[in-house]
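Notes follow the structure.
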Amino acid sequence: MPELIKAICIGAGSRGIDAYGYYALKNPKRLKFIGVAEPRKEWREKFIRLHKIPKENVFNSYEELFAKEQFARAAVICTPDQMHVEPTILALERGYDVLLEKPMANTLEGCLKLVRKAEEVKKHLQICHVLRYTNFWSTIKSFIDSGQLGDIITISHRENVSYWHMAHSFVRGNWRNSDITSPMILAKCCHDMDLLYWIIGKKPISISSFGSLSFYRPESAPPGAPLRCTDGCPVGDTCMFNAIKIYIDLDGYYNMGKNCPSRAFRFFSHHRNAIRHMSHIIRPLKRLVDFKEWPVNTITSDLTLEGKMKALREGPYGRCVFHCDNNVVDHQQTLIEFSNGVTAELTMHGHSALEGRSIRIDGTKGTLIGSFMGWDDLYFIESQNGEKRQLIKPKITIEAHGGGDLKLTEGFVNSLQPDYKLVPLTDARAALESHLMAFAAEKARLEKKVIDMEEFHSLI
Ligand SMILES: NC(=O)c1ccc[n+]([C@@H]2O[C@H](COP(=O)([O-])OP(=O)(O)OC[C@H]3O[C@@H](n4cnc5c(N)ncnc54)[C@H](O)[C@@H]3O)[C@@H](O)[C@H]2O)c1
């Protein structure tokens with residue numbers, strides 16, 4: 001019988017509640033939250049209610065919580081990017097095993113400090129590189145390790161951020177300004193760097209990168225556009241960034257559904273009113289009509305229509321995308337050479353009609369092509385005979401991050417069992433490489449030069 005792991009949640013925001021809190025609620029015999037530190041009242045109260053946290057274990061901040069002696073086995077740390085180092089050091093020093101959100105830190109020094117501290121106190125420090133735990137990416141990894149692709153020669157990897165996700169997170173939202181949080185290549189693409197490093201299995205030796213913020217800026221604003229979408233914008237009806245279309249009408253999701261291989265999804269996406277009517281009979285459809293999930297649930301905790309409209313009138317998510325205080329790039333292309341001669345290109349852009357990642361890997365025995373865009377599809381074409389083999393059955397994934405959130409949390413819980421002997425898949429030492437790659441790519445972009453990774457590896 002596996003041991004129940006008792007944990008505290010530091011930062012009960014979107015990830016704390018929807019990813020790790022959700023796992024605990026679904027798996028009450030594996031993980032139980034018994035404490036929380038969260039400054040925002042509504043979010044704190046939601047977490048307390050969902051997990052029945054005793055009053056004495058509720059805190060307004062991690063500083064207050066860590067002033068107390070250790071009272072759980074594990075700490076799940078989901079504070080904003082710029083607030084990862086201090087709570088993690090405190091948690092490790094107090095004796096907690098830690099599951100920390102990515103990026104582990106928004107500075108190179110912070111990352112190194114965390115890895116060293118975890119090794120010094122001999123505690124688990126695992127980073128939430130959830131994609132390693134998905135069926136899609138782990139199938140690619142095991143296919144390559146099996147030798148069927150031969151030696152990898154090149155990889156072309158794309159992180160296609162949809163226009164509405166870009167607007168939500170990187171123009172209006174938390175990761176819009178690198179002076180406050182992280183550069184885009186770290187915030188969004190440390191996952192991609194991690195996948196490349198994991199799949200190739202060798203260290204990078206040089207990196208170059210180009211990119212800029214070309215579109216989401218004041219010069220692109222339509223004439224007469226006010227500062228907020230709710231202030232009577234003259235192009236409100238036709239602007240795809242209109243916050244009301246994104247958060248109330250859910251245009252982004254419906255547009256994705258129109259291109260979905262599933263006939264049912266396509267039907268509903270073309271017939272919104274049909275969903276509304278049918279939701280009275282088919283109860284699960286109510287979730288679509290009265291949508292309360294990401295990204296809508298990040299704009300306010302009052303998910304009534306009035307609550308959402310108030311958030312758009314007053315909060316950051318109702319701002320015109322051309323009039324925000326954003327500075328992170330909306331496109332960046334990075335070229336990486338690995339120590340075994342493999343070259344990889346990573347394209348990130350925030351202008352995609354569809355959301356998700358896609359990859360093509362060419363090896364000495366054939367080509368592997370995959371799409372991880374809400375409906376997974378992965379196949380291999382063997383060069384010698386031209387035969388195409390489907391490696392995973394194309395299917396729709398509605399679980400967050402293709403099921404990676406739940407599996408990663410389970411992996412963390414498993415790794416804390418007394419008989420666990422392996423190095424965890426997303427151990428901080430392994431995760432460090434992707435962060436070094438992101439810092440190097442950003443330096444390459446800003447300084448317009450090729451970075452020799454020895455400059456970064458020599459610091460480890
Ligand atoms: N693994 C992934 O794929 C993935 C996906 C999205 C976000 N993230 C990362 O997860 C982290 C959290 O993101 P989020 O979307 O949940 O953001 P969020 O803003 O919803 O949550 C962060 C929470 O930390 C709280 N906080 C602030 N100061 C605090 C303090 N002193 N003590 C305790 N809590 C404090 C905030 O009030 C907030 O509720 C970020 O680092 C983000 O980059 C990872």
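Naming scheme: A, B, ... for chains in displayed order of the structure tokens; residues 1 onward per chain; ligands 1 onward as shown.
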Per DSSP on the backbone, what are the alpha helix (DSSP H) residues of segment 192-270 of chain A, as a PyMOL selection string? chain A and resi 192-200+243-247+251-258+263-270
Output the neighbourhood of ligand 1 as a PDB file with N, CA and C atoms, in the first residue's frame, that is, all protein and nucleic acid residues with some atom at most 7 Å from the ligand, counting only C-alpha atoms and all ligand atoms.
ATOM      1  N   ILE A  10       2.260  26.242  -1.799  1.00  0.00           N
ATOM      2  CA  ILE A  10       2.743  27.615  -1.701  1.00  0.00           C
ATOM      3  C   ILE A  10       2.333  28.326  -2.990  1.00  0.00           C
ATOM      4  N   GLY A  11       1.360  29.206  -2.890  1.00  0.00           N
ATOM      5  CA  GLY A  11       0.838  29.874  -4.082  1.00  0.00           C
ATOM      6  C   GLY A  11      -0.330  29.086  -4.648  1.00  0.00           C
ATOM      7  N   ALA A  12      -1.523  29.316  -4.074  1.00  0.00           N
ATOM      8  CA  ALA A  12      -2.703  28.568  -4.538  1.00  0.00           C
ATOM      9  C   ALA A  12      -3.424  29.372  -5.615  1.00  0.00           C
ATOM     10  N   GLY A  13      -2.727  29.598  -6.715  1.00  0.00           N
ATOM     11  CA  GLY A  13      -3.335  30.277  -7.855  1.00  0.00           C
ATOM     12  C   GLY A  13      -3.799  29.226  -8.851  1.00  0.00           C
ATOM     13  N   SER A  14      -3.676  29.568 -10.111  1.00  0.00           N
ATOM     14  CA  SER A  14      -4.156  28.700 -11.169  1.00  0.00           C
ATOM     15  C   SER A  14      -3.524  27.296 -11.107  1.00  0.00           C
ATOM     16  N   ARG A  15      -2.205  27.220 -11.061  1.00  0.00           N
ATOM     17  CA  ARG A  15      -1.536  25.915 -11.057  1.00  0.00           C
ATOM     18  C   ARG A  15      -1.740  25.173  -9.741  1.00  0.00           C
ATOM     19  N   GLY A  16      -1.642  25.923  -8.643  1.00  0.00           N
ATOM     20  CA  GLY A  16      -1.799  25.288  -7.336  1.00  0.00           C
ATOM     21  C   GLY A  16      -3.150  24.602  -7.226  1.00  0.00           C
ATOM     22  N   ALA A  37      -0.261  28.520   1.724  1.00  0.00           N
ATOM     23  CA  ALA A  37       0.150  29.922   1.870  1.00  0.00           C
ATOM     24  C   ALA A  37      -0.272  30.638   0.599  1.00  0.00           C
ATOM     25  N   GLU A  38      -1.162  31.602   0.719  1.00  0.00           N
ATOM     26  CA  GLU A  38      -1.675  32.314  -0.460  1.00  0.00           C
ATOM     27  C   GLU A  38      -2.194  33.683  -0.021  1.00  0.00           C
ATOM     28  N   PRO A  39      -1.646  34.768  -0.591  1.00  0.00           N
ATOM     29  CA  PRO A  39      -2.101  36.105  -0.180  1.00  0.00           C
ATOM     30  C   PRO A  39      -3.483  36.509  -0.691  1.00  0.00           C
ATOM     31  N   ARG A  40      -3.916  35.995  -1.848  1.00  0.00           N
ATOM     32  CA  ARG A  40      -5.215  36.433  -2.394  1.00  0.00           C
ATOM     33  C   ARG A  40      -6.346  35.690  -1.679  1.00  0.00           C
ATOM     34  N   TRP A  43      -8.734  33.115  -3.518  1.00  0.00           N
ATOM     35  CA  TRP A  43      -8.034  31.905  -3.956  1.00  0.00           C
ATOM     36  C   TRP A  43      -7.664  31.051  -2.748  1.00  0.00           C
ATOM     37  N   ASN A  60      -0.972  33.649   4.974  1.00  0.00           N
ATOM     38  CA  ASN A  60      -1.123  34.632   3.899  1.00  0.00           C
ATOM     39  C   ASN A  60       0.077  34.663   2.970  1.00  0.00           C
ATOM     40  N   SER A  61       1.201  34.121   3.423  1.00  0.00           N
ATOM     41  CA  SER A  61       2.389  34.169   2.571  1.00  0.00           C
ATOM     42  C   SER A  61       3.331  33.033   2.942  1.00  0.00           C
ATOM     43  N   TYR A  62       4.236  32.725   2.035  1.00  0.00           N
ATOM     44  CA  TYR A  62       5.205  31.655   2.329  1.00  0.00           C
ATOM     45  C   TYR A  62       6.131  32.062   3.473  1.00  0.00           C
ATOM     46  N   GLU A  63       6.380  33.390   3.593  1.00  0.00           N
ATOM     47  CA  GLU A  63       7.258  33.852   4.668  1.00  0.00           C
ATOM     48  C   GLU A  63       6.672  33.426   6.017  1.00  0.00           C
ATOM     49  N   CYS A  78       4.119  27.008  -6.266  1.00  0.00           N
ATOM     50  CA  CYS A  78       3.499  27.513  -7.505  1.00  0.00           C
ATOM     51  C   CYS A  78       3.373  29.030  -7.467  1.00  0.00           C
ATOM     52  N   THR A  79       4.332  29.688  -6.910  1.00  0.00           N
ATOM     53  CA  THR A  79       4.345  31.158  -6.880  1.00  0.00           C
ATOM     54  C   THR A  79       4.759  31.680  -8.265  1.00  0.00           C
ATOM     55  N   PRO A  80       4.630  32.990  -8.515  1.00  0.00           N
ATOM     56  CA  PRO A  80       5.051  33.530  -9.819  1.00  0.00           C
ATOM     57  C   PRO A  80       6.558  33.299 -10.070  1.00  0.00           C
ATOM     58  N   ASP A  81       6.929  33.298 -11.343  1.00  0.00           N
ATOM     59  CA  ASP A  81       8.318  32.970 -11.752  1.00  0.00           C
ATOM     60  C   ASP A  81       9.384  33.676 -10.916  1.00  0.00           C
ATOM     61  N   GLU A 101       7.334  24.696  -9.615  1.00  0.00           N
ATOM     62  CA  GLU A 101       6.908  25.043 -10.974  1.00  0.00           C
ATOM     63  C   GLU A 101       8.093  25.498 -11.821  1.00  0.00           C
ATOM     64  N   LYS A 102       7.958  25.310 -13.114  1.00  0.00           N
ATOM     65  CA  LYS A 102       8.955  25.825 -14.048  1.00  0.00           C
ATOM     66  C   LYS A 102       8.637  27.286 -14.339  1.00  0.00           C
ATOM     67  N   PRO A 103       9.510  28.145 -14.754  1.00  0.00           N
ATOM     68  CA  PRO A 103      10.953  27.911 -14.716  1.00  0.00           C
ATOM     69  C   PRO A 103      11.425  27.883 -13.272  1.00  0.00           C
ATOM     70  N   CYS A 128       8.490  21.146 -12.650  1.00  0.00           N
ATOM     71  CA  CYS A 128       7.263  20.722 -13.343  1.00  0.00           C
ATOM     72  C   CYS A 128       7.376  20.744 -14.869  1.00  0.00           C
ATOM     73  N   HIS A 129       8.321  19.966 -15.376  1.00  0.00           N
ATOM     74  CA  HIS A 129       8.402  19.783 -16.832  1.00  0.00           C
ATOM     75  C   HIS A 129       7.394  18.693 -17.205  1.00  0.00           C
ATOM     76  N   VAL A 130       6.136  19.100 -17.194  1.00  0.00           N
ATOM     77  CA  VAL A 130       5.024  18.142 -17.314  1.00  0.00           C
ATOM     78  C   VAL A 130       5.024  17.366 -18.642  1.00  0.00           C
ATOM     79  N   ASN A 174       0.269  37.573 -16.915  1.00  0.00           N
ATOM     80  CA  ASN A 174       1.401  37.464 -15.978  1.00  0.00           C
ATOM     81  C   ASN A 174       2.791  37.470 -16.598  1.00  0.00           C
ATOM     82  N   ALA A 187      10.062  31.484 -20.099  1.00  0.00           N
ATOM     83  CA  ALA A 187       8.710  31.239 -19.578  1.00  0.00           C
ATOM     84  C   ALA A 187       7.991  30.166 -20.393  1.00  0.00           C
ATOM     85  N   THR A 298      -8.835  32.585 -14.735  1.00  0.00           N
ATOM     86  CA  THR A 298      -7.696  33.364 -14.216  1.00  0.00           C
ATOM     87  C   THR A 298      -8.022  34.862 -14.160  1.00  0.00           C
ATOM     88  N   HIS A 401      -2.257  19.975 -20.557  1.00  0.00           N
ATOM     89  CA  HIS A 401      -0.933  19.527 -20.998  1.00  0.00           C
ATOM     90  C   HIS A 401      -0.934  18.057 -21.409  1.00  0.00           C
TER      91      HIS A 401
END
Do you know which residues are at most 10 Å from Val235 of chain A counting only C-alpha atoms, after dropping those on the same chain fewer than 5 positions away, and could you put them as a PyMOL selection string? chain A and resi 222-226+229+240+242
Residue neighbourhood segment 357-363 of chain A, 6 Å, only C-alpha atoms, exclusion window fewer than 3 positions, as a PyMOL selection string: chain A and resi 149-160+366-373
Got a sec: who's within 8 Å of segment 106-119 of chain A, counting only C-alpha atoms, leaving out chain neighbours fewer than 3 positions off, as a list in words? Asp81, Gln82, Val85, Thr88, Ile89, Leu92, Pro103, Lys122, Lys123, His124, Leu125, Thr181, Ser182, Leu186, Ala428, Arg429, Leu432, His435, Leu436, Phe439 and Ile460 of chain A
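Atom CA of His271 of chain A is positioned 26.0 Å from atom CA of Thr230 of chain A.
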Using DSSP on the backbone coordinates, identify the residues of segment 168-303 of chain A assigned to strand (DSSP E or B); present them as a ChimeraX atom specification. /A:204-212,228
Which is closer to Glu314 of chain A than all the others in A:Asp231, A:Asp18, A:Glu345, A:Asp194, using only C-alpha atoms? A:Asp231
Tell me, as a VMD selection string, which residues lie within 9 Å of segment 408-417 of chain A, counting only C-alpha atoms; anything in the same chain fewer than 4 positions away does not count. chain A and resid 2 to 5 19 to 20 23 to 24 30 to 31 73 to 74 97 to 99 124 126 128 to 134 403 to 404 421 to 426
Using the selection just defined, write its residues with C-alpha atoms as a short mmCIF file (atom, residue, chain, number, x, y, z; two decimals), in the first residue's frame.
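Output file part_13.cif is given in full below:
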data_model
loop_
_atom_site.label_atom_id
_atom_site.label_comp_id
_atom_site.auth_asym_id
_atom_site.auth_seq_id
_atom_site.Cartn_x
_atom_site.Cartn_y
_atom_site.Cartn_z
CA PRO A 2 1.69 3.28 -1.09
CA GLU A 3 2.24 5.90 1.58
CA LEU A 4 -0.11 8.92 1.56
CA ILE A 5 2.04 12.02 0.98
CA ALA A 19 -3.05 21.16 -11.59
CA TYR A 20 -1.67 19.85 -8.27
CA TYR A 23 -4.54 15.66 -8.62
CA ALA A 24 -4.91 15.49 -4.83
CA ARG A 30 -1.88 9.36 -2.71
CA LEU A 31 -1.60 13.09 -1.98
CA ARG A 73 6.44 15.88 3.96
CA ALA A 74 6.31 17.87 0.72
CA ASP A 97 10.79 17.62 -0.48
CA VAL A 98 9.83 20.08 -3.18
CA LEU A 99 7.87 20.06 -6.40
CA HIS A 124 13.98 16.04 -3.67
CA GLN A 126 11.64 18.27 -8.97
CA CYS A 128 7.26 20.72 -13.34
CA HIS A 129 8.40 19.78 -16.83
CA VAL A 130 5.02 18.14 -17.31
CA LEU A 131 5.51 17.30 -21.00
CA ARG A 132 8.05 14.57 -20.26
CA TYR A 133 5.19 12.70 -18.62
CA THR A 134 2.79 12.81 -21.58
CA GLY A 403 -2.42 14.59 -19.24
CA GLY A 404 1.10 15.64 -18.17
CA LYS A 421 15.40 4.13 -6.08
CA LEU A 422 15.47 5.91 -9.47
CA VAL A 423 16.51 9.47 -10.26
CA PRO A 424 13.18 11.28 -10.83
CA LEU A 425 12.47 12.15 -14.45
CA THR A 426 12.31 15.89 -13.84
#
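Of note, atom CA of Ile396 of chain A and atom CA of Ser262 of chain A are spaced 7.8 Å apart.
The closest residue to Arg313 of chain A, picked from A:Leu227, A:Trp198, A:Phe136, A:Arg272 and counting only C-alpha atoms, is A:Leu227.
Taking atom CA of Val289 of chain A and atom CA of Asn27 of chain A as the two end points, the separation is 27.8 Å.
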Using only C-alpha atoms, pick whichever of A:Met193, A:Glu86, A:Lys52, A:Ser142 has the shortest atom-to-atom distance to Ala431 of chain A. A:Met193
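Counting only C-alpha atoms, Gly315 of chain A has the following residues at most 9 Å away, ignoring those fewer than 4 positions along the same chain: A:Ile299, A:Thr300, A:Lys310, A:Ala311, A:Arg319.
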Now that the selection is made, can you save its residues with N, CA and C atoms as an mmCIF file, in the first residue's frame?
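Below is the file that was written, again_11.cif:
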data_model
loop_
_atom_site.group_PDB
_atom_site.id
_atom_site.type_symbol
_atom_site.label_atom_id
_atom_site.label_comp_id
_atom_site.auth_asym_id
_atom_site.auth_seq_id
_atom_site.Cartn_x
_atom_site.Cartn_y
_atom_site.Cartn_z
ATOM 1 N N ILE A 299 -9.093 35.279 -14.852
ATOM 2 C CA ILE A 299 -9.335 36.729 -14.888
ATOM 3 C C ILE A 299 -10.076 37.221 -13.648
ATOM 4 N N THR A 300 -10.810 36.305 -13.001
ATOM 5 C CA THR A 300 -11.552 36.671 -11.782
ATOM 6 C C THR A 300 -11.991 35.396 -11.066
ATOM 7 N N LYS A 310 -16.958 42.717 -15.136
ATOM 8 C CA LYS A 310 -16.296 43.655 -14.216
ATOM 9 C C LYS A 310 -14.760 43.496 -14.348
ATOM 10 N N ALA A 311 -14.335 42.224 -14.409
ATOM 11 C CA ALA A 311 -12.888 41.966 -14.531
ATOM 12 C C ALA A 311 -12.350 42.582 -15.835
ATOM 13 N N ARG A 319 -7.680 44.906 -21.308
ATOM 14 C CA ARG A 319 -6.920 45.940 -22.019
ATOM 15 C C ARG A 319 -6.767 45.615 -23.509
#
Quick one: contact table of segment 304-398 of chain A to segment 244-261 of chain A, 8 Å max, nearest atom pair and distance in Å to one decimal per residue, counting only C-alpha atoms, chain and number order, as a tab-separated table?
residue	atom	partner	partner_atom	distance
A:Leu305	CA	A:Ile248	CA	7.7
A:Lys308	CA	A:Ile248	CA	7.6
A:Met309	CA	A:Ile244	CA	8.0
A:Leu312	CA	A:Ile244	CA	7.7
A:Gly318	CA	A:Ile244	CA	7.9
A:Ala353	CA	A:Met256	CA	7.7
A:Leu354	CA	A:Met256	CA	6.0
A:Glu355	CA	A:Met256	CA	7.7
A:Trp375	CA	A:Cys260	CA	7.4
Only C-alpha atoms, please: the residues just picked out, written as a PDB file, in the first residue's frame.
ATOM      1  CA  LEU A 305     -21.322  37.096 -16.394  1.00  0.00           C
ATOM      2  CA  LYS A 308     -16.338  38.482 -15.767  1.00  0.00           C
ATOM      3  CA  MET A 309     -17.462  41.769 -17.319  1.00  0.00           C
ATOM      4  CA  LEU A 312     -12.669  43.053 -18.178  1.00  0.00           C
ATOM      5  CA  GLY A 318      -9.745  43.792 -20.682  1.00  0.00           C
ATOM      6  CA  ALA A 353      -4.626  30.122 -35.444  1.00  0.00           C
ATOM      7  CA  LEU A 354      -4.264  26.779 -33.655  1.00  0.00           C
ATOM      8  CA  GLU A 355      -2.650  26.127 -30.318  1.00  0.00           C
ATOM      9  CA  TRP A 375      -5.394  16.174 -30.922  1.00  0.00           C
TER      10      TRP A 375
END
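Between Ala441 of chain A and the residues A:Asn135, A:Gln332, A:Ser169, A:Asn326, the shortest atom-to-atom distance, using only C-alpha atoms, involves A:Gln332.
Distance check against Val321 of chain A using only C-alpha atoms: of A:His351, A:Lys443, A:Lys202, A:His168, the minimum falls on A:His168.
Of the listed residues A:Ala438, A:Leu65, A:Gln148, A:Glu306, the one whose atoms come nearest to Pro183 of chain A is A:Ala438, with distances taken using only C-alpha atoms.
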